[in-house]
$ cat work_37.pdb   # PDB, C-alpha atoms, pLDDT in the B column
MODEL        1
ATOM      1  CA  MET A   1     159.063  45.205 -24.673  1.00 57.00           C
ATOM      2  CA  HIS A   2     158.134  47.113 -21.532  1.00 59.00           C
ATOM      3  CA  GLU A   3     155.001  48.611 -23.088  1.00 70.00           C
ATOM      4  CA  ALA A   4     153.906  45.275 -24.573  1.00 72.00           C
ATOM      5  CA  ASP A   5     154.112  43.398 -21.280  1.00 66.00           C
ATOM      6  CA  TRP A   6     152.278  46.220 -19.512  1.00 73.00           C
ATOM      7  CA  VAL A   7     149.478  46.025 -22.100  1.00 81.00           C
ATOM      8  CA  LEU A   8     149.259  42.227 -21.757  1.00 80.00           C
ATOM      9  CA  SER A   9     149.118  42.531 -17.973  1.00 82.00           C
ATOM     10  CA  ASN A  10     146.216  44.968 -18.203  1.00 82.00           C
ATOM     11  CA  ILE A  11     144.362  42.832 -20.730  1.00 86.00           C
ATOM     12  CA  ALA A  12     144.919  39.741 -18.563  1.00 88.00           C
ATOM     13  CA  ALA A  13     143.337  41.614 -15.651  1.00 86.00           C
ATOM     14  CA  GLY A  14     140.198  42.187 -17.718  1.00 86.00           C
ATOM     15  CA  SER A  15     137.260  40.035 -18.688  1.00 88.00           C
ATOM     16  CA  ALA A  16     137.187  36.264 -18.923  1.00 87.00           C
ATOM     17  CA  GLU A  17     137.162  36.649 -22.706  1.00 90.00           C
ATOM     18  CA  HIS A  18     140.334  38.739 -22.579  1.00 91.00           C
ATOM     19  CA  LYS A  19     142.027  36.162 -20.365  1.00 90.00           C
ATOM     20  CA  GLN A  20     141.073  33.370 -22.747  1.00 92.00           C
ATOM     21  CA  LEU A  21     142.341  35.358 -25.721  1.00 92.00           C
ATOM     22  CA  ILE A  22     145.805  35.695 -24.181  1.00 93.00           C
ATOM     23  CA  TYR A  23     145.793  32.143 -22.821  1.00 93.00           C
ATOM     24  CA  SER A  24     145.072  30.655 -26.240  1.00 94.00           C
ATOM     25  CA  SER A  25     147.427  32.971 -28.109  1.00 93.00           C
ATOM     26  CA  GLU A  26     150.889  32.400 -29.491  1.00 93.00           C
ATOM     27  CA  ALA A  27     152.178  34.776 -26.812  1.00 90.00           C
ATOM     28  CA  MET A  28     152.045  32.108 -24.081  1.00 94.00           C
ATOM     29  CA  PRO A  29     155.204  30.171 -25.066  1.00 94.00           C
ATOM     30  CA  LEU A  30     157.121  33.434 -25.386  1.00 93.00           C
ATOM     31  CA  LEU A  31     155.839  34.650 -22.015  1.00 94.00           C
ATOM     32  CA  SER A  32     156.834  31.348 -20.403  1.00 95.00           C
ATOM     33  CA  HIS A  33     160.338  31.749 -21.779  1.00 95.00           C
ATOM     34  CA  LEU A  34     160.530  35.375 -20.655  1.00 94.00           C
ATOM     35  CA  LEU A  35     159.554  34.457 -17.092  1.00 95.00           C
ATOM     36  CA  SER A  36     162.759  32.502 -16.710  1.00 92.00           C
ATOM     37  CA  ALA A  37     165.166  34.168 -19.132  1.00 94.00           C
ATOM     38  CA  ALA A  38     164.346  37.872 -19.512  1.00 94.00           C
ATOM     39  CA  PRO A  39     165.739  40.810 -17.572  1.00 93.00           C
ATOM     40  CA  PHE A  40     164.283  41.213 -14.102  1.00 94.00           C
ATOM     41  CA  ASP A  41     161.736  43.964 -14.877  1.00 92.00           C
ATOM     42  CA  ILE A  42     160.255  41.945 -17.736  1.00 92.00           C
ATOM     43  CA  ARG A  43     160.061  38.776 -15.614  1.00 94.00           C
ATOM     44  CA  LYS A  44     158.127  40.761 -13.016  1.00 94.00           C
ATOM     45  CA  LYS A  45     155.632  42.011 -15.643  1.00 93.00           C
ATOM     46  CA  VAL A  46     155.176  38.482 -16.997  1.00 94.00           C
ATOM     47  CA  ALA A  47     154.444  37.325 -13.441  1.00 95.00           C
ATOM     48  CA  TYR A  48     151.604  39.850 -13.311  1.00 93.00           C
ATOM     49  CA  VAL A  49     150.251  38.532 -16.621  1.00 94.00           C
ATOM     50  CA  PHE A  50     150.305  34.910 -15.431  1.00 95.00           C
ATOM     51  CA  GLY A  51     148.801  35.764 -12.062  1.00 94.00           C
ATOM     52  CA  ASN A  52     145.984  37.684 -13.726  1.00 93.00           C
ATOM     53  CA  LEU A  53     145.315  34.844 -16.171  1.00 94.00           C
ATOM     54  CA  CYS A  54     144.667  32.412 -13.319  1.00 94.00           C
ATOM     55  CA  VAL A  55     141.849  34.281 -11.566  1.00 91.00           C
ATOM     56  CA  THR A  56     138.413  35.445 -12.590  1.00 87.00           C
ATOM     57  CA  PRO A  57     137.725  39.158 -12.856  1.00 80.00           C
ATOM     58  CA  ILE A  58     136.175  40.826  -9.816  1.00 74.00           C
ATOM     59  CA  LYS A  59     132.535  41.786 -10.329  1.00 74.00           C
ATOM     60  CA  GLY A  60     130.936  43.885  -7.629  1.00 70.00           C
ATOM     61  CA  ASP A  61     131.169  42.168  -4.262  1.00 72.00           C
ATOM     62  CA  GLU A  62     132.068  38.770  -5.715  1.00 73.00           C
ATOM     63  CA  LYS A  63     135.330  37.154  -4.686  1.00 77.00           C
ATOM     64  CA  GLN A  64     137.861  36.154  -7.269  1.00 77.00           C
ATOM     65  CA  SER A  65     138.042  32.483  -8.050  1.00 87.00           C
ATOM     66  CA  LEU A  66     140.592  30.401  -9.856  1.00 90.00           C
ATOM     67  CA  ILE A  67     140.585  29.459 -13.501  1.00 93.00           C
ATOM     68  CA  PRO A  68     141.903  25.901 -13.009  1.00 92.00           C
ATOM     69  CA  GLU A  69     142.586  25.243 -16.689  1.00 93.00           C
ATOM     70  CA  HIS A  70     144.962  28.206 -16.865  1.00 94.00           C
ATOM     71  CA  LEU A  71     146.655  27.419 -13.555  1.00 95.00           C
ATOM     72  CA  VAL A  72     147.230  23.746 -14.359  1.00 94.00           C
ATOM     73  CA  SER A  73     148.557  24.575 -17.805  1.00 94.00           C
ATOM     74  CA  LEU A  74     151.044  27.148 -16.494  1.00 95.00           C
ATOM     75  CA  VAL A  75     152.291  24.761 -13.822  1.00 94.00           C
ATOM     76  CA  GLU A  76     152.575  21.876 -16.296  1.00 92.00           C
ATOM     77  CA  LYS A  77     154.546  24.105 -18.669  1.00 92.00           C
ATOM     78  CA  GLY A  78     157.119  24.708 -15.957  1.00 93.00           C
ATOM     79  CA  CYS A  79     156.500  28.265 -14.817  1.00 95.00           C
ATOM     80  CA  LEU A  80     157.045  27.596 -11.090  1.00 94.00           C
ATOM     81  CA  PRO A  81     160.847  27.984 -11.137  1.00 95.00           C
ATOM     82  CA  GLY A  82     160.410  31.493 -12.556  1.00 96.00           C
ATOM     83  CA  PHE A  83     158.122  32.415  -9.671  1.00 97.00           C
ATOM     84  CA  ILE A  84     160.512  30.863  -7.152  1.00 96.00           C
ATOM     85  CA  ASP A  85     163.284  33.042  -8.582  1.00 96.00           C
ATOM     86  CA  LEU A  86     161.091  36.079  -7.967  1.00 97.00           C
ATOM     87  CA  VAL A  87     160.598  35.007  -4.340  1.00 97.00           C
ATOM     88  CA  ARG A  88     164.375  34.874  -3.959  1.00 96.00           C
ATOM     89  CA  SER A  89     164.866  38.380  -5.315  1.00 94.00           C
ATOM     90  CA  ALA A  90     165.649  41.370  -3.128  1.00 95.00           C
ATOM     91  CA  ASN A  91     162.713  43.226  -4.690  1.00 96.00           C
ATOM     92  CA  ILE A  92     159.763  43.107  -2.262  1.00 96.00           C
ATOM     93  CA  GLU A  93     157.126  43.495  -4.976  1.00 95.00           C
ATOM     94  CA  ALA A  94     158.612  40.653  -7.026  1.00 96.00           C
ATOM     95  CA  ALA A  95     158.921  38.411  -3.971  1.00 97.00           C
ATOM     96  CA  ARG A  96     155.278  39.093  -3.129  1.00 96.00           C
ATOM     97  CA  LEU A  97     154.215  38.204  -6.696  1.00 95.00           C
ATOM     98  CA  GLY A  98     156.132  34.954  -6.523  1.00 96.00           C
ATOM     99  CA  LEU A  99     154.654  34.029  -3.144  1.00 96.00           C
ATOM    100  CA  GLN A 100     151.122  34.888  -4.268  1.00 94.00           C
ATOM    101  CA  PHE A 101     151.410  32.628  -7.290  1.00 95.00           C
ATOM    102  CA  ILE A 102     152.867  29.782  -5.241  1.00 94.00           C
ATOM    103  CA  LYS A 103     149.989  30.202  -2.775  1.00 91.00           C
ATOM    104  CA  VAL A 104     147.511  29.957  -5.669  1.00 91.00           C
ATOM    105  CA  VAL A 105     149.239  26.780  -6.855  1.00 91.00           C
ATOM    106  CA  LEU A 106     149.197  25.190  -3.405  1.00 89.00           C
ATOM    107  CA  ARG A 107     145.525  26.012  -2.874  1.00 86.00           C
ATOM    108  CA  GLY A 108     144.273  25.643  -6.401  1.00 86.00           C
ATOM    109  CA  MET A 109     145.800  22.624  -8.076  1.00 86.00           C
ATOM    110  CA  PRO A 110     143.163  19.915  -8.504  1.00 84.00           C
ATOM    111  CA  ASN A 111     143.589  17.042  -6.055  1.00 77.00           C
ATOM    112  CA  GLY A 112     146.673  18.675  -4.550  1.00 67.00           C
ATOM    113  CA  GLU A 113     148.700  17.776  -7.647  1.00 66.00           C
ATOM    114  CA  ALA A 114     151.303  20.518  -7.354  1.00 61.00           C
ATOM    115  CA  PRO A 115     154.635  19.326  -8.709  1.00 60.00           C
ATOM    116  CA  SER A 116     157.671  18.639  -6.566  1.00 58.00           C
ATOM    117  CA  LEU A 117     160.511  21.083  -6.984  1.00 54.00           C
TER     118      LEU A 117
ENDMDL
END

$ encode --input "work_37.pdb" --output "structure tokens"
Amino acid sequence: MHEADWVLSNIAAGSAEHKQLIYSSEAMPLLSHLLSAAPFDIRKKVAYVFGNLCVTPIKGDEKQSLIPEHLVSLVEKGCLPGFIDLVRSANIEAARLGLQFIKVVLRGMPNGEAPSL
């Protein structure tokens, strides 16, 4: 599983087409489940995949921007508790990933519609 999640994370960091391919694939429900139920190292890799899916690729000097459709869908499918668990972990990298995603949610949800936890 470790190699597969690493590959997905790299693909999700790629082009908009690559992001859309993963987003619309049958892997998304499995990834959502893994974020909350898998061993810690796998949950951390899935967090990278989801974070990468929610932002546009960097091109030159352009800043990254959000992909609202992906962000809203992940939040609506209940991925926030998995990221909150990462924030609570003793692993600094995982905590940072969780905080970054929560920051994206707070700044990026349309009309401030982030769910209550």

$ residues_around --input "work_37.pdb" --residues "Ser73 (chain A)" --least-positions-apart "2" --cutoff "12 Å" --atoms "only C-alpha atoms" --output "MDAnalysis selection string"
chainID A and resid 23:24 28:29 32 50 53:54 67:71 75:80 105 109:110 114

$ write_last_selection --input "work_37.pdb" --atoms "C-alpha atoms" --output "JSON list (two decimals), in the frame of the given file"
[["chain", "number", "residue", "atom", "x", "y", "z"],
["A", 23, "TYR", "CA", 145.79, 32.14, -22.82],
["A", 24, "SER", "CA", 145.07, 30.66, -26.24],
["A", 28, "MET", "CA", 152.04, 32.11, -24.08],
["A", 29, "PRO", "CA", 155.20, 30.17, -25.07],
["A", 32, "SER", "CA", 156.83, 31.35, -20.40],
["A", 50, "PHE", "CA", 150.30, 34.91, -15.43],
["A", 53, "LEU", "CA", 145.32, 34.84, -16.17],
["A", 54, "CYS", "CA", 144.67, 32.41, -13.32],
["A", 67, "ILE", "CA", 140.58, 29.46, -13.50],
["A", 68, "PRO", "CA", 141.90, 25.90, -13.01],
["A", 69, "GLU", "CA", 142.59, 25.24, -16.69],
["A", 70, "HIS", "CA", 144.96, 28.21, -16.86],
["A", 71, "LEU", "CA", 146.66, 27.42, -13.56],
["A", 75, "VAL", "CA", 152.29, 24.76, -13.82],
["A", 76, "GLU", "CA", 152.57, 21.88, -16.30],
["A", 77, "LYS", "CA", 154.55, 24.10, -18.67],
["A", 78, "GLY", "CA", 157.12, 24.71, -15.96],
["A", 79, "CYS", "CA", 156.50, 28.26, -14.82],
["A", 80, "LEU", "CA", 157.04, 27.60, -11.09],
["A", 105, "VAL", "CA", 149.24, 26.78, -6.86],
["A", 109, "MET", "CA", 145.80, 22.62, -8.08],
["A", 110, "PRO", "CA", 143.16, 19.92, -8.50],
["A", 114, "ALA", "CA", 151.30, 20.52, -7.35]]

$ closest_residue --input "work_37.pdb" --among "A:Gln64, A:Ala12, A:Leu31, A:Arg88" --to "Val46 (chain A)" --atoms "only C-alpha atoms"
A:Leu31

$ closest_residue --input "work_37.pdb" --among "A:Ala4, A:Gly14, A:Arg96, A:Val104" --to "Ser65 (chain A)" --atoms "all atoms listed in the file"
A:Val104

$ atom_distance --input "work_37.pdb" --atom1 "CA of Ser89 (chain A)" --atom2 "CA of Lys19 (chain A)"
27.4 Å

$ atom_distance --input "work_37.pdb" --atom1 "CA of Gln100 (chain A)" --atom2 "CA of Ala47 (chain A)"
10.1 Å

$ closest_residue --input "work_37.pdb" --among "A:Val87, A:Leu35, A:Leu8, A:Ile102" --to "Ile22 (chain A)" --atoms "all atoms listed in the file"
A:Leu8

$ atom_distance --input "work_37.pdb" --atom1 "CA of Ser15 (chain A)" --atom2 "CA of Leu97 (chain A)"
20.8 Å

$ closest_residue --input "work_37.pdb" --among "A:Tyr48, A:Phe40, A:Phe101, A:Trp6" --to "Leu66 (chain A)" --atoms "only C-alpha atoms"
A:Phe101

$ closest_residue --input "work_37.pdb" --among "A:Ala37, A:Leu86, A:Val49, A:Leu30" --to "Val7 (chain A)" --atoms "only C-alpha atoms"
A:Val49

$ closest_residue --input "work_37.pdb" --among "A:Lys59, A:Lys44, A:Arg107, A:His18" --to "Ile92 (chain A)" --atoms "all atoms listed in the file"
A:Lys44
